[in-house]
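Here's the structure we're looking at; comments come further down.
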There are 2 protein chains.
Amino acid sequence: MNDAVTAPIDRESRASRADHEALRLWLRLLTCTSLMEASVRAELRRDFDCTLPRFDLMAQLERHPDGLRMGELSKRLMVTGGNVTGITDQLVQEGLVTRAAPPDDRRAFVIRLTAAGRRSFLRMAESHEAWVVKLVSGLSAPERRQLFELLAKLKRSVTAAQAKRESD
Amino acid sequence: MNDAVTAPIDRESRASRADHEALRLWLRLLTCTSLMEASVRAELRRDFDCTLPRFDLMAQLERHPDGLRMGELSKRLMVTGGNVTGITDQLVQEGLVTRAAPPDDRRAFVIRLTAAGRRSFLRMAESHEAWVVKLVSGLSAPERRQLFELLAKLKRSVTAAQAKRESD
DNA sequence: GCCGATCATTTGAGGCCTCATCTATTGAGG
DNA sequence: CCTCAATAGATGAGGCCTCAAATGATCGGC
């Protein structure tokens with residue numbers, strides 16, 4: 001029996017025909033993201049012995065050579081502050097980022113990529129991007145663009161629904 | 001300052017203009033899923049003091065009244081077996097599912113929802129579905145259908161890319 | 001009957017993540 | 001000044017998750 005080539009059995013199959021179409025959309029979105037994420041994680045792990053959260057944090061820093069504060073990293077990575085503390089600690093330990101005290105606010109820290117961190121990141125980023133390109137290559141360019149636009153709309157929809165809930 | 005209404009700063013903004021379009025598609029997909037997932041988690045937590053993994057596991061069982069084995073749950077939830085063991089243990093503890101030994105294979109266990117588990121799940125599922133409907137209501141029905149189809153295509157693309165990588 | 005491959009599941013170490021709570025600092029008013 | 005609310009981060013408990021290794025059961029072939 002070769003499971004790899006049989007029809008996939010995943011979360012999506014949890015919705016029966018009677019279930020609402022919105023639910024199936026949500027489950028399919030979740031399935032797609034999970035599949036891609038698992039793939040990217042495995043790639044980073046296998047080739048660079050790095051995790052996705054570490055990579056994501058370094059990616060943010062690479063785009064901000066002047067550094068980012070913990071809170072800014074937290075917002076951009078969409079995770080809690082406590083979490084950023086832990087990952088940053090590790091990266092500091094490994095010499096990939098630095099924690100500097102800004103002169104104007106003694107509560108804060110500015111996190112920056114070290115030269116070694118930048119080199120390490122760039123090496124990973126190249127391979128990472130190539131892998132992502134492969135993963136989505138089953139869609140034509142127009143399809144990818146269309147998907148991109150629909151996701152933008154979805155993002156707005158979700159944000160709006162949340163805002164409405166919170167204003168109750 | 002009301003952060004809820006300012007432009008979102010999230011993972012997606014990590015990709016610069018120079019970055020590849022595939023990367024931006026992936027980041028936007030990730031952002032959408034993260035937003036929806038966080039929203040659903042918060043809802044389950046606030047209203048039912050339940051986590052998403054527990055809910056997902058119960059959802060699978062609700063659709064299979066005859067029960068599922070650990071390995072089947074693992075496949076359907078797209079998580080490792082060790083993980084299913086832990087969550088199942090808790091649900092057994094809380095009296096929401098049972099672990100039964102099938103007569104024909106003493107290695108395996110069949111997990112089933114108890115009556116209390118089923119009641120608990122159905123109560124959550126109703127609210128859950130309504131919430132998901134709200135989250136995606138910013139898209140028209142045709143848009144939702146189109147997004148659904150594009151995601152199906154993406155799913156196939158990702159699966160194909162992975163299969164190719166694994167056959168090396 | 002027995003052996004070895006395979007399979008179902010568990011275990012344990014370790015990373016990620018959240019929430020609630022804490023400490024230190026800042027900054028606006030009195 | 002001084003107080004007090006708001007802010008930046010850190011901490012600790014607890015849940016989710018993976019991987020690798022271990023345990024026990026099954027099954028095909030001898």
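Each chain in the structure tokens gets a letter, A, B and so on, in the order shown; residues start at 1 in every chain, and ligands are counted from 1 in the order they appear.
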
Could you list, with a cut-off of 9 Å and counting only C-alpha atoms (C1' of nucleotides), the residues of chain C near chain A, each shown with its nearest atom pair and the distance in Å rounded to one decimal, rows sorted by chain and ascending number, as a tab-separated table?
residue	atom	partner	partner_atom	distance
C:DG15	C1'	A:Thr51	CA	8.9
C:DC16	C1'	A:Asn83	CA	7.6
C:DC17	C1'	A:Asn83	CA	6.5
C:DT18	C1'	A:Thr80	CA	7.2
C:DA24	C1'	A:Arg107	CA	6.9
C:DT25	C1'	A:Arg107	CA	5.5
C:DT26	C1'	A:Asp105	CA	7.9

Could you please take those selected residues and save N, CA and C atoms (P, O5', C5', C4', C3', O3' and C1' of nucleotides) as a short mmCIF file (atom, residue, chain, number, x, y, z; two decimals), in the first residue's frame?
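This went into selection_39.cif:
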data_model
loop_
_atom_site.label_atom_id
_atom_site.label_comp_id
_atom_site.auth_asym_id
_atom_site.auth_seq_id
_atom_site.Cartn_x
_atom_site.Cartn_y
_atom_site.Cartn_z
P DG C 15 15.28 23.40 22.40
"O5'" DG C 15 14.28 24.09 21.38
"C5'" DG C 15 14.17 23.60 20.06
"C4'" DG C 15 12.82 24.01 19.52
"C3'" DG C 15 12.49 25.48 19.79
"O3'" DG C 15 12.05 26.08 18.58
"C1'" DG C 15 10.74 24.09 20.56
P DC C 16 11.78 27.61 18.50
"O5'" DC C 16 10.19 27.67 18.55
"C5'" DC C 16 9.46 27.00 17.54
"C4'" DC C 16 7.98 27.12 17.85
"C3'" DC C 16 7.50 28.56 18.05
"O3'" DC C 16 6.34 28.71 17.25
"C1'" DC C 16 6.80 27.21 19.85
P DC C 17 5.83 30.23 16.94
"O5'" DC C 17 4.77 30.49 18.10
"C5'" DC C 17 3.50 29.88 18.04
"C4'" DC C 17 2.80 29.99 19.36
"C3'" DC C 17 2.72 31.39 19.95
"O3'" DC C 17 1.54 32.05 19.51
"C1'" DC C 17 2.99 29.65 21.59
P DT C 18 1.12 33.49 20.09
"O5'" DT C 18 0.16 33.16 21.32
"C5'" DT C 18 -0.70 32.01 21.26
"C4'" DT C 18 -1.45 31.90 22.58
"C3'" DT C 18 -1.77 33.26 23.17
"O3'" DT C 18 -3.14 33.29 23.57
"C1'" DT C 18 -0.53 31.95 24.73
P DA C 24 12.20 46.00 39.62
"O5'" DA C 24 12.37 46.98 38.39
"C5'" DA C 24 12.98 46.48 37.20
"C4'" DA C 24 12.76 47.49 36.11
"C3'" DA C 24 13.05 48.93 36.54
"O3'" DA C 24 13.97 49.48 35.61
"C1'" DA C 24 10.94 48.77 35.48
P DT C 25 14.48 50.99 35.75
"O5'" DT C 25 13.56 51.76 34.71
"C5'" DT C 25 13.54 51.33 33.36
"C4'" DT C 25 12.50 52.10 32.61
"C3'" DT C 25 12.64 53.62 32.69
"O3'" DT C 25 12.92 54.08 31.38
"C1'" DT C 25 10.39 52.92 32.97
P DT C 26 13.23 55.63 31.15
"O5'" DT C 26 11.79 56.17 30.73
"C5'" DT C 26 11.12 55.54 29.65
"C4'" DT C 26 9.72 56.08 29.52
"C3'" DT C 26 9.63 57.61 29.45
"O3'" DT C 26 9.01 57.95 28.23
"C1'" DT C 26 8.03 56.71 30.96
#

Could you please tell me, as JSON, numbers by chain, which residues of chain D have an atom within 10 Å of chain B when using only C-alpha atoms (C1' of nucleotides)?
{"D": [15, 16, 17, 18, 19, 24, 25, 26]}

Each residue of chain A with at least one atom at most 8 Å from chain B should appear once, together with its nearest atom pair and the corresponding distance in Å (one decimal); atoms considered: only C-alpha atoms; ordering: chain, then increasing residue number; output as a tab-separated table.
residue	atom	partner	partner_atom	distance
A:Ala4	CA	B:Ala163	CA	7.7
A:Ile9	CA	B:Arg76	CA	5.5
A:Asp10	CA	B:Arg76	CA	4.1
A:Arg11	CA	B:Arg76	CA	5.1
A:Ser13	CA	B:Arg76	CA	7.8
A:Arg14	CA	B:Gln60	CA	5.8
A:Ser16	CA	B:Arg63	CA	7.9
A:His20	CA	B:Glu129	CA	7.6
A:Ala22	CA	B:Val133	CA	5.4
A:Leu23	CA	B:Val132	CA	6.4
A:Leu25	CA	B:Phe148	CA	5.7
A:Trp26	CA	B:Val132	CA	7.4
A:Arg28	CA	B:Leu151	CA	6.8
A:Leu29	CA	B:Leu151	CA	6.7
A:Leu30	CA	B:Thr33	CA	6.3
A:Thr31	CA	B:Lys155	CA	7.8
A:Cys32	CA	B:Lys155	CA	5.5
A:Thr33	CA	B:Leu30	CA	6.3
A:Leu35	CA	B:Val158	CA	7.2
A:Met36	CA	B:Val158	CA	6.6
A:Ser39	CA	B:Gln162	CA	7.3
A:Ala59	CA	B:Arg14	CA	6.8
A:Gln60	CA	B:Arg14	CA	5.8
A:Arg63	CA	B:Arg14	CA	6.9
A:Lys75	CA	B:Asp10	CA	6.4
A:Arg76	CA	B:Asp10	CA	4.2
A:Leu77	CA	B:Arg11	CA	5.3
A:Met78	CA	B:Asp10	CA	6.2
A:Glu129	CA	B:Leu23	CA	6.4
A:Val132	CA	B:Leu23	CA	6.4
A:Val133	CA	B:Ala22	CA	5.4
A:Lys134	CA	B:Ala161	CA	6.4
A:Leu135	CA	B:Val158	CA	4.7
A:Val136	CA	B:Ser157	CA	6.0
A:Ser137	CA	B:Ser157	CA	6.6
A:Gly138	CA	B:Ser157	CA	4.4
A:Leu139	CA	B:Leu154	CA	6.7
A:Glu143	CA	B:Leu150	CA	7.3
A:Arg144	CA	B:Leu25	CA	7.4
A:Leu147	CA	B:Leu150	CA	6.4
A:Phe148	CA	B:Leu25	CA	5.7
A:Leu150	CA	B:Leu147	CA	6.4
A:Leu151	CA	B:Leu29	CA	6.7
A:Ala152	CA	B:Arg28	CA	7.4
A:Lys153	CA	B:Leu139	CA	6.8
A:Leu154	CA	B:Val136	CA	6.4
A:Lys155	CA	B:Cys32	CA	5.5
A:Arg156	CA	B:Gly138	CA	7.4
A:Ser157	CA	B:Gly138	CA	4.4
A:Val158	CA	B:Leu135	CA	4.7
A:Thr159	CA	B:Leu35	CA	7.8
A:Ala161	CA	B:Leu135	CA	5.5
A:Gln162	CA	B:Ser39	CA	7.3
A:Ala163	CA	B:Ala4	CA	6.8

Would you save the residues of that selection, restricted to C-alpha atoms, as a PDB file, in the first residue's frame?
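Saved file out.pdb follows:
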ATOM      1  CA  ALA A   4       1.716   8.806  -0.782  1.00  0.00           C
ATOM      2  CA  ILE A   9      -7.254  12.248   3.885  1.00  0.00           C
ATOM      3  CA  ASP A  10      -7.035  15.466   5.802  1.00  0.00           C
ATOM      4  CA  ARG A  11      -8.914  17.933   7.902  1.00  0.00           C
ATOM      5  CA  SER A  13     -12.831  15.762   4.782  1.00  0.00           C
ATOM      6  CA  ARG A  14     -14.340  16.582   8.127  1.00  0.00           C
ATOM      7  CA  SER A  16     -19.896  16.633   5.152  1.00  0.00           C
ATOM      8  CA  HIS A  20     -21.924  24.990   5.113  1.00  0.00           C
ATOM      9  CA  ALA A  22     -18.046  28.669   4.337  1.00  0.00           C
ATOM     10  CA  LEU A  23     -16.787  25.942   6.601  1.00  0.00           C
ATOM     11  CA  LEU A  25     -13.630  27.082   2.403  1.00  0.00           C
ATOM     12  CA  TRP A  26     -12.057  27.610   5.800  1.00  0.00           C
ATOM     13  CA  ARG A  28      -9.448  24.025   2.609  1.00  0.00           C
ATOM     14  CA  LEU A  29      -7.571  27.215   3.393  1.00  0.00           C
ATOM     15  CA  LEU A  30      -6.262  25.601   6.538  1.00  0.00           C
ATOM     16  CA  THR A  31      -5.224  22.482   4.663  1.00  0.00           C
ATOM     17  CA  CYS A  32      -3.334  24.442   2.030  1.00  0.00           C
ATOM     18  CA  THR A  33      -1.484  26.490   4.607  1.00  0.00           C
ATOM     19  CA  LEU A  35       0.696  21.589   3.723  1.00  0.00           C
ATOM     20  CA  MET A  36       2.858  24.476   2.580  1.00  0.00           C
ATOM     21  CA  SER A  39       6.872  21.631   3.524  1.00  0.00           C
ATOM     22  CA  ALA A  59      13.544  37.926   7.763  1.00  0.00           C
ATOM     23  CA  GLN A  60      11.965  40.880   9.535  1.00  0.00           C
ATOM     24  CA  ARG A  63      14.398  44.219   6.037  1.00  0.00           C
ATOM     25  CA  LYS A  75       3.348  42.783  15.868  1.00  0.00           C
ATOM     26  CA  ARG A  76       4.990  41.849  12.596  1.00  0.00           C
ATOM     27  CA  LEU A  77       5.305  38.178  13.406  1.00  0.00           C
ATOM     28  CA  MET A  78       1.789  38.098  14.845  1.00  0.00           C
ATOM     29  CA  GLU A 129      12.170  31.364  -2.142  1.00  0.00           C
ATOM     30  CA  VAL A 132       8.041  28.376  -2.477  1.00  0.00           C
ATOM     31  CA  VAL A 133       8.113  29.114  -6.194  1.00  0.00           C
ATOM     32  CA  LYS A 134       8.060  25.373  -6.848  1.00  0.00           C
ATOM     33  CA  LEU A 135       5.203  24.794  -4.451  1.00  0.00           C
ATOM     34  CA  VAL A 136       2.913  27.259  -6.222  1.00  0.00           C
ATOM     35  CA  SER A 137       4.090  26.474  -9.731  1.00  0.00           C
ATOM     36  CA  GLY A 138       1.016  24.355 -10.406  1.00  0.00           C
ATOM     37  CA  LEU A 139      -0.950  27.579 -10.784  1.00  0.00           C
ATOM     38  CA  GLU A 143      -4.318  32.198 -11.318  1.00  0.00           C
ATOM     39  CA  ARG A 144      -1.722  33.157  -8.769  1.00  0.00           C
ATOM     40  CA  LEU A 147      -5.686  33.991  -5.714  1.00  0.00           C
ATOM     41  CA  PHE A 148      -3.580  36.816  -4.336  1.00  0.00           C
ATOM     42  CA  LEU A 150      -9.068  37.033  -3.380  1.00  0.00           C
ATOM     43  CA  LEU A 151      -6.917  36.492  -0.307  1.00  0.00           C
ATOM     44  CA  ALA A 152      -6.565  40.252   0.069  1.00  0.00           C
ATOM     45  CA  LYS A 153     -10.323  40.484   0.101  1.00  0.00           C
ATOM     46  CA  LEU A 154     -10.550  37.650   2.596  1.00  0.00           C
ATOM     47  CA  LYS A 155      -8.074  39.411   4.834  1.00  0.00           C
ATOM     48  CA  ARG A 156     -10.200  42.525   4.831  1.00  0.00           C
ATOM     49  CA  SER A 157     -13.313  40.464   5.488  1.00  0.00           C
ATOM     50  CA  VAL A 158     -11.793  38.728   8.498  1.00  0.00           C
ATOM     51  CA  THR A 159     -10.413  41.934   9.927  1.00  0.00           C
ATOM     52  CA  ALA A 161     -15.658  40.791  11.221  1.00  0.00           C
ATOM     53  CA  GLN A 162     -13.256  40.859  14.134  1.00  0.00           C
ATOM     54  CA  ALA A 163     -13.516  44.602  14.504  1.00  0.00           C
TER      55      ALA A 163
END

For the structure I just gave you, how does DSSP split stretch 61-150 of chain A - specifically, which residues are alpha helix (DSSP H)? Reply as a PyMOL selection string. chain A and resi 61-62+70-77+81-93+115-135+141-150

Please produce an output containing C-alpha atoms for each residue in the selection, written as a PDB file, in the first residue's frame.
ATOM      1  CA  LEU A  61      15.329  42.066  10.766  1.00  0.00           C
ATOM      2  CA  GLU A  62      16.919  41.731   7.363  1.00  0.00           C
ATOM      3  CA  MET A  70      10.668  43.553  20.683  1.00  0.00           C
ATOM      4  CA  GLY A  71       7.169  44.936  20.406  1.00  0.00           C
ATOM      5  CA  GLU A  72       7.576  45.698  16.726  1.00  0.00           C
ATOM      6  CA  LEU A  73       8.793  42.180  16.053  1.00  0.00           C
ATOM      7  CA  SER A  74       5.869  40.847  18.004  1.00  0.00           C
ATOM      8  CA  LYS A  75       3.348  42.783  15.868  1.00  0.00           C
ATOM      9  CA  ARG A  76       4.990  41.849  12.596  1.00  0.00           C
ATOM     10  CA  LEU A  77       5.305  38.178  13.406  1.00  0.00           C
ATOM     11  CA  GLY A  81       5.813  39.318  23.227  1.00  0.00           C
ATOM     12  CA  GLY A  82       6.775  36.510  25.528  1.00  0.00           C
ATOM     13  CA  ASN A  83       7.344  34.343  22.541  1.00  0.00           C
ATOM     14  CA  VAL A  84       9.632  36.832  20.835  1.00  0.00           C
ATOM     15  CA  THR A  85      11.671  37.040  24.032  1.00  0.00           C
ATOM     16  CA  GLY A  86      12.423  33.316  23.887  1.00  0.00           C
ATOM     17  CA  ILE A  87      13.345  33.122  20.235  1.00  0.00           C
ATOM     18  CA  THR A  88      15.461  36.258  20.455  1.00  0.00           C
ATOM     19  CA  ASP A  89      17.314  34.833  23.447  1.00  0.00           C
ATOM     20  CA  GLN A  90      18.290  31.809  21.395  1.00  0.00           C
ATOM     21  CA  LEU A  91      19.409  33.820  18.405  1.00  0.00           C
ATOM     22  CA  VAL A  92      21.503  36.057  20.642  1.00  0.00           C
ATOM     23  CA  GLN A  93      23.041  32.932  22.139  1.00  0.00           C
ATOM     24  CA  ALA A 115      26.883  40.074  10.057  1.00  0.00           C
ATOM     25  CA  ALA A 116      26.858  36.335  10.645  1.00  0.00           C
ATOM     26  CA  GLY A 117      23.090  36.416  11.071  1.00  0.00           C
ATOM     27  CA  ARG A 118      22.653  38.291   7.836  1.00  0.00           C
ATOM     28  CA  ARG A 119      24.854  35.866   5.918  1.00  0.00           C
ATOM     29  CA  SER A 120      23.022  32.928   7.436  1.00  0.00           C
ATOM     30  CA  PHE A 121      19.648  34.408   6.563  1.00  0.00           C
ATOM     31  CA  LEU A 122      20.497  35.299   2.978  1.00  0.00           C
ATOM     32  CA  ARG A 123      21.737  31.813   2.322  1.00  0.00           C
ATOM     33  CA  MET A 124      18.473  30.356   3.604  1.00  0.00           C
ATOM     34  CA  ALA A 125      16.263  32.928   1.938  1.00  0.00           C
ATOM     35  CA  GLU A 126      17.473  32.067  -1.512  1.00  0.00           C
ATOM     36  CA  SER A 127      16.701  28.382  -1.124  1.00  0.00           C
ATOM     37  CA  HIS A 128      13.459  29.189   0.647  1.00  0.00           C
ATOM     38  CA  GLU A 129      12.170  31.364  -2.142  1.00  0.00           C
ATOM     39  CA  ALA A 130      13.024  28.805  -4.791  1.00  0.00           C
ATOM     40  CA  TRP A 131      11.140  26.191  -2.843  1.00  0.00           C
ATOM     41  CA  VAL A 132       8.041  28.376  -2.477  1.00  0.00           C
ATOM     42  CA  VAL A 133       8.113  29.114  -6.194  1.00  0.00           C
ATOM     43  CA  LYS A 134       8.060  25.373  -6.848  1.00  0.00           C
ATOM     44  CA  LEU A 135       5.203  24.794  -4.451  1.00  0.00           C
ATOM     45  CA  ALA A 141       0.561  33.405 -13.316  1.00  0.00           C
ATOM     46  CA  PRO A 142      -2.974  34.770 -13.752  1.00  0.00           C
ATOM     47  CA  GLU A 143      -4.318  32.198 -11.318  1.00  0.00           C
ATOM     48  CA  ARG A 144      -1.722  33.157  -8.769  1.00  0.00           C
ATOM     49  CA  ARG A 145      -2.595  36.810  -9.204  1.00  0.00           C
ATOM     50  CA  GLN A 146      -6.274  36.065  -8.812  1.00  0.00           C
ATOM     51  CA  LEU A 147      -5.686  33.991  -5.714  1.00  0.00           C
ATOM     52  CA  PHE A 148      -3.580  36.816  -4.336  1.00  0.00           C
ATOM     53  CA  GLU A 149      -6.417  39.278  -4.861  1.00  0.00           C
ATOM     54  CA  LEU A 150      -9.068  37.033  -3.380  1.00  0.00           C
TER      55      LEU A 150
END

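When atom C1' of D:DA8 is paired with atom C1' of C:DA28, their separation reads 18.0 Å.
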